[in-house]
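Asks: Following this message is one structure expressed as C-alpha cells.
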Amino acid sequence: LGTDGNTFFVIGTTQINLIDKSGWQSGAVIRLKFNGAITLKHNFAISGNFEPMDLAGAVDFAANANNFISFVYDSPSGTWYEVCRKV
C-alpha cells in the first residue's frame with residue numbers, strides 16, 4: 001500500500017495473500033477498488049510485516065472490476081478485518 005491516503009486502486013490479477021502493516025496503526029481503515037478479477041485469500045499465514053485478512057464468511061473473496069472492499073487494522077491480533085464490500 002502507498003502512504004498517500006487510504007483508498008487504493010488495485011490493478012493486475014496476482015492473488016493477494018497478505019497486506020503490509022508498515023506505516024499503519026491499529027484502527028486504520030483502508031479501501032481497495034479493483035480494476036479486474038483477483039482473489040483475496042482469507043487468513044493466510046503472517047510473513048514479516050505482511051499480515052492476513054479476516055474475510056467475511058471466513059472464505060476467499062473473488063473480486064471483479066469495480067468491486068470495493070474495506071478493512072480495519074487491528075495491531076494486537078496482527079489482522080486486517082473486513083468491514084464491508086461492494087460487489
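Each chain in the C-alpha cells gets a letter, A, B, ..., in the order shown, and its residues are numbered from 1; ligands are numbered from 1 in order too.
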Residues near Ala45 (chain A), anyone? I mean within 9 Å using only C-alpha atoms, not counting same-chain ones fewer than 5 positions away, as a PyMOL selection string.

Replies: chain A and resi 17-18+50-52

Asks: Selection from above, N, CA, C and O atoms, as a compact mmCIF listing (two decimals), in the first residue's frame, can you write it?

Replies:
# COMPACT_ATOMS: atom_id res chain seq x y z
N ASN A 17 -2.42 -12.24 -0.83
CA ASN A 17 -2.44 -13.13 0.33
C ASN A 17 -2.41 -12.36 1.65
O ASN A 17 -3.00 -12.79 2.64
N LEU A 18 -1.66 -11.26 1.69
CA LEU A 18 -1.41 -10.51 2.92
C LEU A 18 -1.34 -9.02 2.59
O LEU A 18 -1.16 -8.64 1.44
N PHE A 50 3.93 -8.47 6.76
CA PHE A 50 2.72 -8.74 6.00
C PHE A 50 1.76 -9.59 6.84
O PHE A 50 2.14 -10.65 7.33
N GLU A 51 0.53 -9.06 6.99
CA GLU A 51 -0.42 -9.70 7.89
C GLU A 51 -1.69 -10.09 7.15
O GLU A 51 -2.04 -9.52 6.11
N PRO A 52 -2.43 -11.08 7.70
CA PRO A 52 -3.57 -11.66 7.00
C PRO A 52 -4.83 -10.80 7.02
O PRO A 52 -4.97 -9.88 7.83

Asks: Fewer than 4 positions away in the same chain doesn't count, so skip those; otherwise give me all residues within 10 Å of Asp54 (chain A), counting only C-alpha atoms, as a list in words.

Replies: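 Counting only C-alpha atoms, the residues come to Lys41, His42, Asn43, Phe44, Ala58, Val59, Asp60, Phe71, Val72, Thr79, Trp80, Tyr81, Glu82 and Val83 of chain A.
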
Asks: Generate the output file for the selected residues, C-alpha atoms, as an mmCIF file, in the first residue's frame.

Replies:
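The file below, part_6.cif, is the result:
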data_model
loop_
_atom_site.group_PDB
_atom_site.id
_atom_site.type_symbol
_atom_site.label_atom_id
_atom_site.label_comp_id
_atom_site.auth_asym_id
_atom_site.auth_seq_id
_atom_site.Cartn_x
_atom_site.Cartn_y
_atom_site.Cartn_z
ATOM 1 C CA LYS A 41 -7.039 -15.034 0.491
ATOM 2 C CA HIS A 42 -8.673 -15.455 3.896
ATOM 3 C CA ASN A 43 -6.350 -15.848 6.920
ATOM 4 C CA PHE A 44 -3.065 -16.552 5.098
ATOM 5 C CA ALA A 58 -14.092 -16.997 6.537
ATOM 6 C CA VAL A 59 -13.712 -17.595 2.786
ATOM 7 C CA ASP A 60 -11.609 -16.107 -0.014
ATOM 8 C CA PHE A 71 -10.541 -3.270 6.129
ATOM 9 C CA VAL A 72 -9.736 -2.048 9.626
ATOM 10 C CA THR A 79 -5.024 -8.868 11.332
ATOM 11 C CA TRP A 80 -6.825 -6.743 8.732
ATOM 12 C CA TYR A 81 -10.555 -7.286 9.398
ATOM 13 C CA GLU A 82 -13.045 -6.858 6.575
ATOM 14 C CA VAL A 83 -15.514 -4.079 7.348
#

Asks: With only C-alpha atoms as the counted atoms, please give the residues lying no more than 9 Å from Phe61 (chain A), apart from itself and same-chain residues fewer than 3 positions off, as a list in words.

Replies: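 With the cut-off at 9 Å, the set is Ile38, Thr39, Leu40, Lys41, His42, Leu55 and Ala56 of chain A.
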
Asks: Suppose you want the space between CA of Ile69 (chain A) and CA of Lys33 (chain A); what is it in Å?

Replies: 6.8 Å

Asks: Go through A:Ala37, A:Cys84, A:Ala62, A:Leu32 one by one, measure the shortest atom-to-atom distance of each to Gly5 (chain A) using only C-alpha atoms, and give the residue with the smallest value.

Replies: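 Looking only at the distances to Gly5 (chain A), the closest residue turns out to be A:Leu32.
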
Asks: So that I can see what lies close to Lys21 (chain A), please list as number ranges by chain the residues with an atom at most 9 Å from it, counting only C-alpha atoms and leaving out residues fewer than 2 positions away in the same chain.

Replies: A: 1, 19, 23-25, 49-51, 73, 75, 78, 80
